[in-house]
$ cat model-v1.txt   # compact mmCIF, N, CA and C atoms
# COMPACT_ATOMS: atom_id res chain seq x y z
N ASP A 1 157.02 89.63 74.01
CA ASP A 1 156.33 89.89 72.76
C ASP A 1 154.92 90.44 72.99
N PRO A 2 154.79 91.54 73.70
CA PRO A 2 153.44 92.10 73.88
C PRO A 2 153.00 93.00 72.73
N GLY A 3 153.86 93.28 71.77
CA GLY A 3 153.53 94.24 70.71
C GLY A 3 152.24 93.95 69.99
N GLU A 4 151.98 92.66 69.74
CA GLU A 4 150.76 92.31 69.01
C GLU A 4 149.50 92.61 69.81
N HIS A 5 149.63 92.79 71.12
CA HIS A 5 148.47 93.07 71.98
C HIS A 5 148.19 94.56 72.12
N MET A 6 149.11 95.41 71.71
CA MET A 6 148.98 96.85 71.93
C MET A 6 148.08 97.50 70.88
N PRO A 7 147.08 98.25 71.33
CA PRO A 7 146.17 98.88 70.37
C PRO A 7 146.80 100.07 69.64
N ASP A 8 147.82 100.68 70.22
CA ASP A 8 148.49 101.82 69.58
C ASP A 8 149.98 101.49 69.50
N LYS A 9 150.39 100.97 68.36
CA LYS A 9 151.79 100.52 68.20
C LYS A 9 152.77 101.68 68.33
N ARG A 10 152.39 102.84 67.81
CA ARG A 10 153.28 104.01 67.89
C ARG A 10 153.54 104.39 69.36
N LYS A 11 152.49 104.50 70.16
CA LYS A 11 152.66 104.84 71.57
C LYS A 11 153.47 103.76 72.30
N TYR A 12 153.23 102.51 71.95
CA TYR A 12 153.97 101.39 72.55
C TYR A 12 155.47 101.56 72.31
N VAL A 13 155.85 101.82 71.07
CA VAL A 13 157.27 101.99 70.73
C VAL A 13 157.82 103.26 71.38
N GLU A 14 157.09 104.36 71.28
CA GLU A 14 157.57 105.62 71.85
C GLU A 14 157.80 105.53 73.35
N GLU A 15 156.93 104.83 74.07
CA GLU A 15 157.09 104.70 75.52
C GLU A 15 158.31 103.85 75.86
N MET A 16 158.53 102.78 75.12
CA MET A 16 159.74 101.96 75.39
C MET A 16 161.00 102.78 75.15
N VAL A 17 161.01 103.55 74.08
CA VAL A 17 162.18 104.38 73.77
C VAL A 17 162.32 105.48 74.82
N ARG A 18 161.23 106.06 75.26
CA ARG A 18 161.28 107.14 76.25
C ARG A 18 161.96 106.69 77.54
N VAL A 19 161.63 105.50 78.03
CA VAL A 19 162.18 105.04 79.30
C VAL A 19 163.55 104.36 79.16
N LEU A 20 163.99 104.17 77.93
CA LEU A 20 165.30 103.55 77.69
C LEU A 20 166.40 104.58 77.95
N LYS A 21 167.41 104.18 78.71
CA LYS A 21 168.49 105.13 78.99
C LYS A 21 169.33 105.36 77.73
N PRO A 22 169.95 106.54 77.61
CA PRO A 22 170.81 106.79 76.47
C PRO A 22 171.90 105.71 76.37
N GLY A 23 172.10 105.21 75.18
CA GLY A 23 173.05 104.12 74.96
C GLY A 23 172.44 102.75 75.17
N GLY A 24 171.20 102.70 75.69
CA GLY A 24 170.52 101.43 75.94
C GLY A 24 170.05 100.78 74.65
N ARG A 25 169.91 99.47 74.70
CA ARG A 25 169.47 98.70 73.53
C ARG A 25 168.00 98.33 73.66
N LEU A 26 167.28 98.54 72.60
CA LEU A 26 165.88 98.15 72.51
C LEU A 26 165.80 96.91 71.63
N VAL A 27 165.08 95.91 72.10
CA VAL A 27 164.82 94.71 71.30
C VAL A 27 163.33 94.41 71.40
N ILE A 28 162.70 94.32 70.25
CA ILE A 28 161.28 93.97 70.18
C ILE A 28 161.19 92.63 69.46
N ALA A 29 160.52 91.68 70.08
CA ALA A 29 160.25 90.38 69.45
C ALA A 29 158.74 90.22 69.44
N THR A 30 158.14 90.17 68.26
CA THR A 30 156.68 90.19 68.21
C THR A 30 156.15 89.56 66.93
N TRP A 31 154.88 89.17 66.99
CA TRP A 31 154.21 88.65 65.81
C TRP A 31 153.90 89.80 64.87
N CYS A 32 154.19 89.60 63.61
CA CYS A 32 153.96 90.64 62.60
C CYS A 32 153.25 90.03 61.40
N GLN A 33 152.50 90.86 60.70
CA GLN A 33 151.97 90.42 59.41
C GLN A 33 153.01 90.72 58.35
N ARG A 34 152.91 90.05 57.21
CA ARG A 34 153.86 90.31 56.14
C ARG A 34 153.66 91.73 55.62
N SER A 35 154.68 92.21 54.94
CA SER A 35 154.60 93.54 54.33
C SER A 35 153.68 93.51 53.12
N THR A 36 153.15 94.66 52.80
CA THR A 36 152.40 94.81 51.55
C THR A 36 153.08 95.91 50.75
N PRO A 37 153.13 95.90 49.44
CA PRO A 37 152.50 94.93 48.57
C PRO A 37 153.25 93.59 48.55
N PRO A 38 152.64 92.56 47.96
CA PRO A 38 151.34 92.55 47.30
C PRO A 38 150.21 92.67 48.32
N ALA A 39 149.08 93.11 47.83
CA ALA A 39 147.91 93.28 48.69
C ALA A 39 147.49 91.93 49.27
N PHE A 40 146.85 91.97 50.43
CA PHE A 40 146.33 90.75 51.03
C PHE A 40 145.19 90.20 50.18
N THR A 41 145.15 88.89 50.04
CA THR A 41 144.05 88.24 49.35
C THR A 41 142.85 88.19 50.28
N GLU A 42 141.71 87.83 49.74
CA GLU A 42 140.52 87.67 50.58
C GLU A 42 140.77 86.61 51.65
N GLU A 43 141.46 85.52 51.28
CA GLU A 43 141.79 84.46 52.24
C GLU A 43 142.70 84.99 53.35
N ASP A 44 143.68 85.82 52.98
CA ASP A 44 144.56 86.44 53.97
C ASP A 44 143.76 87.27 54.97
N LEU A 45 142.84 88.07 54.46
CA LEU A 45 142.04 88.94 55.33
C LEU A 45 141.15 88.12 56.26
N VAL A 46 140.59 87.03 55.76
CA VAL A 46 139.77 86.15 56.60
C VAL A 46 140.63 85.55 57.71
N ASN A 47 141.83 85.09 57.36
CA ASN A 47 142.71 84.50 58.36
C ASN A 47 143.18 85.53 59.39
N LEU A 48 143.53 86.73 58.96
CA LEU A 48 143.92 87.77 59.91
C LEU A 48 142.76 88.11 60.84
N ASP A 49 141.56 88.24 60.28
CA ASP A 49 140.39 88.55 61.09
C ASP A 49 140.16 87.47 62.15
N TYR A 50 140.32 86.21 61.77
CA TYR A 50 140.16 85.11 62.72
C TYR A 50 141.17 85.26 63.86
N LEU A 51 142.43 85.53 63.53
CA LEU A 51 143.46 85.65 64.56
C LEU A 51 143.22 86.87 65.45
N TYR A 52 142.75 87.95 64.88
CA TYR A 52 142.42 89.13 65.70
C TYR A 52 141.33 88.80 66.71
N LYS A 53 140.28 88.19 66.24
CA LYS A 53 139.12 87.93 67.09
C LYS A 53 139.38 86.82 68.10
N GLU A 54 140.02 85.75 67.67
CA GLU A 54 140.21 84.59 68.54
C GLU A 54 141.11 84.91 69.72
N TRP A 55 142.15 85.70 69.49
CA TRP A 55 143.09 86.02 70.57
C TRP A 55 143.01 87.47 71.01
N ALA A 56 141.98 88.16 70.60
CA ALA A 56 141.74 89.55 71.01
C ALA A 56 142.93 90.47 70.71
N HIS A 57 143.49 90.32 69.52
CA HIS A 57 144.54 91.24 69.08
C HIS A 57 143.90 92.38 68.31
N PRO A 58 144.33 93.62 68.57
CA PRO A 58 143.73 94.73 67.85
C PRO A 58 144.09 94.70 66.36
N TYR A 59 145.35 94.45 66.03
CA TYR A 59 145.83 94.33 64.66
C TYR A 59 147.32 94.03 64.72
N PHE A 60 147.87 93.56 63.59
CA PHE A 60 149.31 93.33 63.47
C PHE A 60 149.87 94.35 62.49
N ILE A 61 151.14 94.64 62.60
CA ILE A 61 151.83 95.45 61.60
C ILE A 61 153.05 94.66 61.13
N SER A 62 153.69 95.13 60.09
CA SER A 62 154.83 94.42 59.52
C SER A 62 156.12 94.74 60.30
N ILE A 63 157.11 93.91 60.06
CA ILE A 63 158.44 94.16 60.65
C ILE A 63 158.94 95.52 60.22
N GLU A 64 158.76 95.84 58.94
CA GLU A 64 159.22 97.13 58.42
C GLU A 64 158.48 98.29 59.07
N ASP A 65 157.20 98.10 59.35
CA ASP A 65 156.43 99.16 60.03
C ASP A 65 156.96 99.40 61.44
N TYR A 66 157.32 98.31 62.14
CA TYR A 66 157.93 98.48 63.47
C TYR A 66 159.24 99.26 63.36
N ALA A 67 160.07 98.91 62.38
CA ALA A 67 161.34 99.61 62.19
C ALA A 67 161.10 101.09 61.94
N SER A 68 160.10 101.41 61.13
CA SER A 68 159.77 102.82 60.85
C SER A 68 159.34 103.54 62.11
N LEU A 69 158.57 102.86 62.97
CA LEU A 69 158.15 103.49 64.23
C LEU A 69 159.35 103.76 65.13
N VAL A 70 160.28 102.80 65.21
CA VAL A 70 161.48 102.99 66.04
C VAL A 70 162.31 104.14 65.48
N GLU A 71 162.54 104.13 64.17
CA GLU A 71 163.32 105.21 63.55
C GLU A 71 162.60 106.56 63.68
N GLY A 72 161.28 106.54 63.68
CA GLY A 72 160.49 107.76 63.77
C GLY A 72 160.60 108.48 65.10
N THR A 73 161.12 107.80 66.11
CA THR A 73 161.31 108.47 67.40
C THR A 73 162.45 109.47 67.33
N THR A 74 163.30 109.37 66.34
CA THR A 74 164.48 110.22 66.08
C THR A 74 165.55 110.13 67.16
N THR A 75 165.39 109.25 68.14
CA THR A 75 166.42 109.10 69.18
C THR A 75 167.08 107.73 69.11
N MET A 76 166.79 106.97 68.06
CA MET A 76 167.35 105.62 67.93
C MET A 76 168.29 105.56 66.73
N ARG A 77 169.36 104.78 66.88
CA ARG A 77 170.29 104.56 65.77
C ARG A 77 170.52 103.06 65.63
N ASP A 78 171.17 102.68 64.56
CA ASP A 78 171.49 101.27 64.30
C ASP A 78 170.25 100.38 64.37
N VAL A 79 169.15 100.88 63.83
CA VAL A 79 167.92 100.09 63.82
C VAL A 79 168.07 98.97 62.79
N ASP A 80 167.78 97.76 63.22
CA ASP A 80 167.94 96.59 62.36
C ASP A 80 166.76 95.65 62.60
N THR A 81 166.45 94.85 61.60
CA THR A 81 165.33 93.91 61.72
C THR A 81 165.74 92.54 61.21
N ASN A 82 164.97 91.56 61.63
CA ASN A 82 165.16 90.20 61.13
C ASN A 82 163.84 89.45 61.27
N ASP A 83 163.65 88.48 60.41
CA ASP A 83 162.48 87.61 60.47
C ASP A 83 162.92 86.28 61.06
N TRP A 84 162.42 85.97 62.25
CA TRP A 84 162.79 84.73 62.95
C TRP A 84 161.72 83.66 62.81
N THR A 85 160.93 83.72 61.78
CA THR A 85 159.88 82.72 61.60
C THR A 85 160.48 81.32 61.54
N ARG A 86 161.51 81.13 60.74
CA ARG A 86 162.12 79.80 60.60
C ARG A 86 162.59 79.26 61.94
N GLN A 87 163.16 80.11 62.78
CA GLN A 87 163.68 79.67 64.07
C GLN A 87 162.59 79.39 65.10
N THR A 88 161.40 79.92 64.89
CA THR A 88 160.35 79.79 65.92
C THR A 88 159.15 78.96 65.50
N ILE A 89 159.02 78.63 64.22
CA ILE A 89 157.79 77.99 63.76
C ILE A 89 157.53 76.64 64.42
N ALA A 90 158.58 75.89 64.74
CA ALA A 90 158.38 74.58 65.38
C ALA A 90 157.70 74.70 66.74
N SER A 91 157.86 75.83 67.38
CA SER A 91 157.27 75.99 68.72
C SER A 91 155.74 75.98 68.68
N TRP A 92 155.13 76.31 67.55
CA TRP A 92 153.67 76.30 67.48
C TRP A 92 153.13 74.89 67.63
N ARG A 93 153.68 73.96 66.88
CA ARG A 93 153.23 72.57 67.00
C ARG A 93 153.61 72.01 68.37
N HIS A 94 154.76 72.40 68.88
CA HIS A 94 155.16 71.94 70.21
C HIS A 94 154.13 72.40 71.25
N SER A 95 153.67 73.63 71.13
CA SER A 95 152.66 74.13 72.07
C SER A 95 151.39 73.31 72.01
N ILE A 96 151.00 72.92 70.82
CA ILE A 96 149.80 72.08 70.67
C ILE A 96 150.03 70.74 71.35
N TRP A 97 151.16 70.10 71.04
CA TRP A 97 151.43 68.77 71.61
C TRP A 97 151.63 68.82 73.11
N ALA A 98 152.19 69.90 73.63
CA ALA A 98 152.36 70.01 75.08
C ALA A 98 151.00 69.97 75.77
N GLY A 99 150.00 70.60 75.17
CA GLY A 99 148.66 70.60 75.75
C GLY A 99 147.95 69.27 75.61
N VAL A 100 148.18 68.60 74.48
CA VAL A 100 147.53 67.31 74.24
C VAL A 100 148.23 66.19 75.01
N TRP A 101 149.54 66.27 75.08
CA TRP A 101 150.33 65.21 75.68
C TRP A 101 150.13 65.12 77.19
N ASP A 102 149.87 66.26 77.82
CA ASP A 102 149.66 66.27 79.26
C ASP A 102 148.18 66.57 79.54
N PRO A 103 147.34 65.53 79.52
CA PRO A 103 145.90 65.77 79.65
C PRO A 103 145.41 65.96 81.09
N ILE A 104 146.31 65.95 82.07
CA ILE A 104 145.88 66.05 83.47
C ILE A 104 144.99 67.28 83.73
N PRO A 105 145.38 68.47 83.23
CA PRO A 105 144.49 69.62 83.48
C PRO A 105 143.09 69.41 82.88
N VAL A 106 143.03 68.74 81.75
CA VAL A 106 141.73 68.53 81.10
C VAL A 106 140.89 67.55 81.90
N PHE A 107 141.51 66.47 82.38
CA PHE A 107 140.76 65.48 83.16
C PHE A 107 140.39 66.00 84.55
N SER A 108 141.24 66.84 85.10
CA SER A 108 140.95 67.35 86.44
C SER A 108 139.88 68.45 86.40
N ARG A 109 139.72 69.08 85.25
CA ARG A 109 138.71 70.13 85.08
C ARG A 109 138.00 69.90 83.74
N PRO A 110 137.01 69.05 83.71
CA PRO A 110 136.36 68.67 82.44
C PRO A 110 135.82 69.84 81.62
N ASN A 111 135.45 70.92 82.28
CA ASN A 111 134.91 72.05 81.53
C ASN A 111 135.99 72.77 80.70
N ILE A 112 137.23 72.36 80.82
CA ILE A 112 138.32 72.98 80.07
C ILE A 112 138.49 72.36 78.67
N TRP A 113 137.76 71.28 78.38
CA TRP A 113 137.87 70.63 77.07
C TRP A 113 137.62 71.61 75.94
N TYR A 114 136.57 72.42 76.05
CA TYR A 114 136.24 73.37 74.98
C TYR A 114 137.39 74.33 74.73
N LYS A 115 137.92 74.91 75.80
CA LYS A 115 139.03 75.85 75.65
C LYS A 115 140.25 75.16 75.06
N THR A 116 140.53 73.95 75.48
CA THR A 116 141.68 73.21 74.96
C THR A 116 141.54 72.98 73.46
N LEU A 117 140.38 72.53 73.04
CA LEU A 117 140.17 72.29 71.60
C LEU A 117 140.22 73.59 70.81
N ARG A 118 139.66 74.63 71.37
CA ARG A 118 139.69 75.93 70.71
C ARG A 118 141.13 76.44 70.57
N ASP A 119 141.93 76.28 71.60
CA ASP A 119 143.33 76.70 71.55
C ASP A 119 144.12 75.89 70.52
N ILE A 120 143.84 74.59 70.44
CA ILE A 120 144.53 73.75 69.46
C ILE A 120 144.25 74.25 68.04
N VAL A 121 143.00 74.53 67.75
CA VAL A 121 142.63 75.03 66.43
C VAL A 121 143.31 76.37 66.15
N CYS A 122 143.28 77.26 67.12
CA CYS A 122 143.86 78.59 66.94
C CYS A 122 145.38 78.51 66.77
N LEU A 123 146.03 77.71 67.59
CA LEU A 123 147.49 77.55 67.46
C LEU A 123 147.87 76.99 66.10
N GLU A 124 147.10 76.04 65.63
CA GLU A 124 147.40 75.46 64.31
C GLU A 124 147.15 76.47 63.20
N ARG A 125 146.10 77.26 63.32
CA ARG A 125 145.85 78.30 62.30
C ARG A 125 146.96 79.35 62.31
N MET A 126 147.46 79.68 63.49
CA MET A 126 148.57 80.64 63.56
C MET A 126 149.82 80.02 62.94
N ARG A 127 150.10 78.75 63.24
CA ARG A 127 151.27 78.09 62.66
C ARG A 127 151.16 78.09 61.13
N ARG A 128 149.99 77.82 60.61
CA ARG A 128 149.80 77.83 59.16
C ARG A 128 150.00 79.23 58.57
N ALA A 129 149.54 80.25 59.29
CA ALA A 129 149.74 81.62 58.82
C ALA A 129 151.23 81.96 58.75
N PHE A 130 151.99 81.49 59.72
CA PHE A 130 153.45 81.67 59.68
C PHE A 130 154.04 80.85 58.54
N GLY A 131 153.58 79.61 58.40
CA GLY A 131 154.13 78.71 57.39
C GLY A 131 153.92 79.18 55.97
N ARG A 132 152.82 79.87 55.71
CA ARG A 132 152.57 80.34 54.34
C ARG A 132 152.98 81.79 54.12
N GLY A 133 153.62 82.39 55.13
CA GLY A 133 154.18 83.73 54.93
C GLY A 133 153.24 84.88 55.23
N LEU A 134 152.02 84.59 55.68
CA LEU A 134 151.11 85.67 56.05
C LEU A 134 151.61 86.37 57.32
N MET A 135 152.12 85.58 58.25
CA MET A 135 152.67 86.11 59.51
C MET A 135 154.18 85.88 59.55
N GLN A 136 154.86 86.73 60.30
CA GLN A 136 156.30 86.62 60.51
C GLN A 136 156.59 86.89 61.98
N TYR A 137 157.68 86.29 62.48
CA TYR A 137 158.10 86.60 63.85
C TYR A 137 159.19 87.65 63.75
N GLY A 138 158.83 88.88 64.07
CA GLY A 138 159.72 90.01 63.87
C GLY A 138 160.66 90.26 65.04
N MET A 139 161.89 90.53 64.70
CA MET A 139 162.91 90.98 65.66
C MET A 139 163.36 92.36 65.19
N ILE A 140 163.18 93.34 66.05
CA ILE A 140 163.53 94.71 65.74
C ILE A 140 164.43 95.21 66.86
N LYS A 141 165.55 95.80 66.50
CA LYS A 141 166.47 96.27 67.55
C LYS A 141 167.05 97.63 67.16
N GLY A 142 167.54 98.32 68.18
CA GLY A 142 168.18 99.60 67.97
C GLY A 142 168.84 100.07 69.25
N VAL A 143 169.62 101.13 69.14
CA VAL A 143 170.34 101.69 70.27
C VAL A 143 169.91 103.15 70.42
N LYS A 144 169.59 103.55 71.66
CA LYS A 144 169.18 104.93 71.90
C LYS A 144 170.42 105.83 71.87
N VAL A 145 170.29 106.93 71.15
CA VAL A 145 171.37 107.90 71.00
C VAL A 145 171.73 108.47 72.36
N LYS A 146 173.03 108.62 72.61
CA LYS A 146 173.48 109.23 73.87
C LYS A 146 173.24 110.72 73.82
N ALA A 147 172.86 111.28 74.95
CA ALA A 147 172.57 112.70 75.02
C ALA A 147 173.80 113.52 74.72
N SER A 148 173.60 114.63 74.01
CA SER A 148 174.71 115.55 73.72
C SER A 148 175.05 116.35 74.96
N ARG A 149 176.30 116.69 75.10
CA ARG A 149 176.72 117.48 76.26
C ARG A 149 176.89 118.90 75.92
$ encode --input "model-v1.txt" --output "structure tokens"
Amino acid sequence: DPGEHMPDKRKYVEEMVRVLKPGGRLVIATWCQRSTPPAFTEEDLVNLDYLYKEWAHPYFISIEDYASLVEGTTTMRDVDTNDWTRQTIASWRHSIWAGVWDPIPVFSRPNIWYKTLRDIVCLERMRRAFGRGLMQYGMIKGVKVKASR
């Protein structure tokens, strides 16, 4: 799921499709923002800005925007999408508890307390963004068209 880290989503998708062999399957699993409309509220924008800055993400796009980028390459067929938020949302709290439950790294390196607390807050804010529908876990797939003979 590196898509959320890429500053140019179009180039990211085009490069994956370029190196995919004809008949090969492309699967993208990535964090996405919800589609618009409706427009983002001021609270939505504040939360997105926090997630961008805290984890150094350039920006998120919607599942539908990813599908449009894949289709826009003109070499992909059977492009399909799904929202896997329901299947993945529990992992956010699990990630928090995994860090809290095993405090050995924190005790062995006391200066890591700040980072641990910061990560807990950020993970919980991300989980809440998924829980209220601001964020979605996007699955985008397609098959590269076989070359004509």
$ select_by_dssp --input "model-v1.txt" --residues "chain A" --states "strand (DSSP E or B)" --output "list in words"
Arg25, Leu26, Val27, Ile28, Ala29, Thr30, Trp31, Cys32, Gln33, Met76, Arg77, Asp78, Val79, Asp80, Thr81, Asn82, Asp83, Met135, Gln136, Tyr137, Gly138, Met139, Ile140, Lys141, Gly142, Val143 and Lys144 of chain A
$ residues_around --input "model-v1.txt" --residues "region 6-16 of chain A" --least-positions-apart "3" --cutoff "6.5 Å" --atoms "only N, CA and C atoms" --output "count of residues only"
9
$ closest_residue --input "model-v1.txt" --among "A:Trp55, A:Asp80, A:Val143, A:Gln136" --to "Ala67 (chain A)" --atoms "all atoms listed in the file"
A:Asp80
$ residues_around --input "model-v1.txt" --residues "region 32-48 of chain A" --least-positions-apart "3" --cutoff "6.5 Å" --atoms "all atoms listed in the file" --output "list in words"
Leu51, Tyr52, Lys53, Phe60, Ile61, Ser62, Ile63, Gly133, Leu134, Met135, Gln136, Tyr137 and Gly138 of chain A
$ atom_distance --input "model-v1.txt" --atom1 "atom N of His57 (chain A)" --atom2 "atom C of Val27 (chain A)"
20.3 Å
$ atom_distance --input "model-v1.txt" --atom1 "CA of Thr116 (chain A)" --atom2 "CA of Arg86 (chain A)"
25.8 Å
$ atom_distance --input "model-v1.txt" --atom1 "CA of Arg77 (chain A)" --atom2 "atom N of Val17 (chain A)"
12.5 Å
$ closest_residue --input "model-v1.txt" --among "A:Leu117, A:Ala147, A:Ile140, A:Ala129" --to "Asn82 (chain A)" --atoms "all atoms listed in the file"
A:Ile140
$ axis_aligned_box --input "model-v1.txt" --around "region 53-72 of chain A" --padding-each-side "5 Å" --output "AutoDock Vina command-line options"
--center_x 151.2 --center_y 96.5 --center_z 64.7 --size_x 34.2 --size_y 33.9 --size_z 22.6
$ closest_residue --input "model-v1.txt" --among "A:His94, A:Arg125, A:Lys21, A:Arg132" --to "Lys146 (chain A)" --atoms "all atoms listed in the file"
A:Lys21
$ select_by_dssp --input "model-v1.txt" --residues "chain A" --states "alpha helix (DSSP H)" --output "ChimeraX atom specification"
/A:9-19,42-54,63-72,85-88,90-101,104-108,113-131
$ build_atoms --input "model-v1.txt" --residues "region 47-56 of chain A" --atoms "all heavy atoms" --output "PDB file, in the frame of the given file"
ATOM      1  N   ASN A  47     141.830  85.090  57.360  1.00  0.00           N
ATOM      2  CA  ASN A  47     142.710  84.500  58.360  1.00  0.00           C
ATOM      3  C   ASN A  47     143.180  85.530  59.390  1.00  0.00           C
ATOM      4  O   ASN A  47     143.216  85.232  60.591  1.00  0.00           O
ATOM      5  CB  ASN A  47     143.918  83.835  57.698  1.00  0.00           C
ATOM      6  CG  ASN A  47     143.575  82.487  57.118  1.00  0.00           C
ATOM      7  OD1 ASN A  47     142.996  81.645  57.789  1.00  0.00           O
ATOM      8  ND2 ASN A  47     143.916  82.278  55.857  1.00  0.00           N
ATOM      9  N   LEU A  48     143.530  86.730  58.960  1.00  0.00           N
ATOM     10  CA  LEU A  48     143.920  87.770  59.910  1.00  0.00           C
ATOM     11  C   LEU A  48     142.760  88.110  60.840  1.00  0.00           C
ATOM     12  O   LEU A  48     142.952  88.232  62.049  1.00  0.00           O
ATOM     13  CB  LEU A  48     144.391  89.027  59.165  1.00  0.00           C
ATOM     14  CG  LEU A  48     145.775  88.965  58.541  1.00  0.00           C
ATOM     15  CD1 LEU A  48     146.014  90.181  57.647  1.00  0.00           C
ATOM     16  CD2 LEU A  48     146.862  88.838  59.600  1.00  0.00           C
ATOM     17  N   ASP A  49     141.560  88.240  60.280  1.00  0.00           N
ATOM     18  CA  ASP A  49     140.390  88.550  61.090  1.00  0.00           C
ATOM     19  C   ASP A  49     140.160  87.470  62.150  1.00  0.00           C
ATOM     20  O   ASP A  49     139.854  87.775  63.305  1.00  0.00           O
ATOM     21  CB  ASP A  49     139.166  88.721  60.198  1.00  0.00           C
ATOM     22  CG  ASP A  49     137.980  89.250  60.973  1.00  0.00           C
ATOM     23  OD1 ASP A  49     138.091  90.337  61.570  1.00  0.00           O
ATOM     24  OD2 ASP A  49     136.945  88.563  60.992  1.00  0.00           O
ATOM     25  N   TYR A  50     140.320  86.210  61.770  1.00  0.00           N
ATOM     26  CA  TYR A  50     140.160  85.110  62.720  1.00  0.00           C
ATOM     27  C   TYR A  50     141.170  85.260  63.860  1.00  0.00           C
ATOM     28  O   TYR A  50     140.815  85.133  65.036  1.00  0.00           O
ATOM     29  CB  TYR A  50     140.360  83.770  62.016  1.00  0.00           C
ATOM     30  CG  TYR A  50     140.363  82.601  62.970  1.00  0.00           C
ATOM     31  CD1 TYR A  50     139.167  82.004  63.358  1.00  0.00           C
ATOM     32  CD2 TYR A  50     141.549  82.104  63.510  1.00  0.00           C
ATOM     33  CE1 TYR A  50     139.158  80.937  64.256  1.00  0.00           C
ATOM     34  CE2 TYR A  50     141.553  81.045  64.403  1.00  0.00           C
ATOM     35  CZ  TYR A  50     140.354  80.464  64.769  1.00  0.00           C
ATOM     36  OH  TYR A  50     140.361  79.425  65.655  1.00  0.00           O
ATOM     37  N   LEU A  51     142.430  85.530  63.530  1.00  0.00           N
ATOM     38  CA  LEU A  51     143.460  85.650  64.560  1.00  0.00           C
ATOM     39  C   LEU A  51     143.220  86.870  65.450  1.00  0.00           C
ATOM     40  O   LEU A  51     143.469  86.809  66.655  1.00  0.00           O
ATOM     41  CB  LEU A  51     144.846  85.697  63.915  1.00  0.00           C
ATOM     42  CG  LEU A  51     145.235  84.436  63.134  1.00  0.00           C
ATOM     43  CD1 LEU A  51     146.551  84.646  62.390  1.00  0.00           C
ATOM     44  CD2 LEU A  51     145.320  83.219  64.042  1.00  0.00           C
ATOM     45  N   TYR A  52     142.750  87.950  64.880  1.00  0.00           N
ATOM     46  CA  TYR A  52     142.420  89.130  65.700  1.00  0.00           C
ATOM     47  C   TYR A  52     141.330  88.800  66.710  1.00  0.00           C
ATOM     48  O   TYR A  52     141.451  89.094  67.899  1.00  0.00           O
ATOM     49  CB  TYR A  52     141.912  90.302  64.838  1.00  0.00           C
ATOM     50  CG  TYR A  52     142.889  90.879  63.848  1.00  0.00           C
ATOM     51  CD1 TYR A  52     142.434  91.441  62.673  1.00  0.00           C
ATOM     52  CD2 TYR A  52     144.256  90.877  64.082  1.00  0.00           C
ATOM     53  CE1 TYR A  52     143.310  92.002  61.754  1.00  0.00           C
ATOM     54  CE2 TYR A  52     145.138  91.428  63.164  1.00  0.00           C
ATOM     55  CZ  TYR A  52     144.658  91.989  62.003  1.00  0.00           C
ATOM     56  OH  TYR A  52     145.518  92.534  61.095  1.00  0.00           O
ATOM     57  N   LYS A  53     140.280  88.190  66.240  1.00  0.00           N
ATOM     58  CA  LYS A  53     139.120  87.930  67.090  1.00  0.00           C
ATOM     59  C   LYS A  53     139.380  86.820  68.100  1.00  0.00           C
ATOM     60  O   LYS A  53     138.979  86.927  69.262  1.00  0.00           O
ATOM     61  CB  LYS A  53     137.908  87.577  66.232  1.00  0.00           C
ATOM     62  CG  LYS A  53     137.368  88.758  65.471  1.00  0.00           C
ATOM     63  CD  LYS A  53     136.212  88.373  64.586  1.00  0.00           C
ATOM     64  CE  LYS A  53     135.683  89.585  63.843  1.00  0.00           C
ATOM     65  NZ  LYS A  53     134.664  89.215  62.857  1.00  0.00           N
ATOM     66  N   GLU A  54     140.020  85.750  67.670  1.00  0.00           N
ATOM     67  CA  GLU A  54     140.210  84.590  68.540  1.00  0.00           C
ATOM     68  C   GLU A  54     141.110  84.910  69.720  1.00  0.00           C
ATOM     69  O   GLU A  54     140.890  84.441  70.829  1.00  0.00           O
ATOM     70  CB  GLU A  54     140.775  83.417  67.737  1.00  0.00           C
ATOM     71  CG  GLU A  54     140.768  82.115  68.465  1.00  0.00           C
ATOM     72  CD  GLU A  54     139.365  81.612  68.822  1.00  0.00           C
ATOM     73  OE1 GLU A  54     138.383  81.990  68.162  1.00  0.00           O
ATOM     74  OE2 GLU A  54     139.263  80.836  69.785  1.00  0.00           O
ATOM     75  N   TRP A  55     142.150  85.700  69.490  1.00  0.00           N
ATOM     76  CA  TRP A  55     143.090  86.020  70.570  1.00  0.00           C
ATOM     77  C   TRP A  55     143.010  87.470  71.010  1.00  0.00           C
ATOM     78  O   TRP A  55     143.891  87.968  71.694  1.00  0.00           O
ATOM     79  CB  TRP A  55     144.509  85.658  70.161  1.00  0.00           C
ATOM     80  CG  TRP A  55     144.809  84.204  70.363  1.00  0.00           C
ATOM     81  CD1 TRP A  55     144.148  83.334  71.167  1.00  0.00           C
ATOM     82  CD2 TRP A  55     145.851  83.464  69.750  1.00  0.00           C
ATOM     83  NE1 TRP A  55     144.706  82.095  71.099  1.00  0.00           N
ATOM     84  CE2 TRP A  55     145.763  82.136  70.240  1.00  0.00           C
ATOM     85  CE3 TRP A  55     146.852  83.765  68.853  1.00  0.00           C
ATOM     86  CZ2 TRP A  55     146.644  81.131  69.850  1.00  0.00           C
ATOM     87  CZ3 TRP A  55     147.720  82.768  68.463  1.00  0.00           C
ATOM     88  CH2 TRP A  55     147.615  81.463  68.962  1.00  0.00           C
ATOM     89  N   ALA A  56     141.980  88.160  70.600  1.00  0.00           N
ATOM     90  CA  ALA A  56     141.740  89.550  71.010  1.00  0.00           C
ATOM     91  C   ALA A  56     142.930  90.470  70.710  1.00  0.00           C
ATOM     92  O   ALA A  56     143.319  91.283  71.539  1.00  0.00           O
ATOM     93  CB  ALA A  56     141.373  89.615  72.500  1.00  0.00           C
TER      94      ALA A  56
END
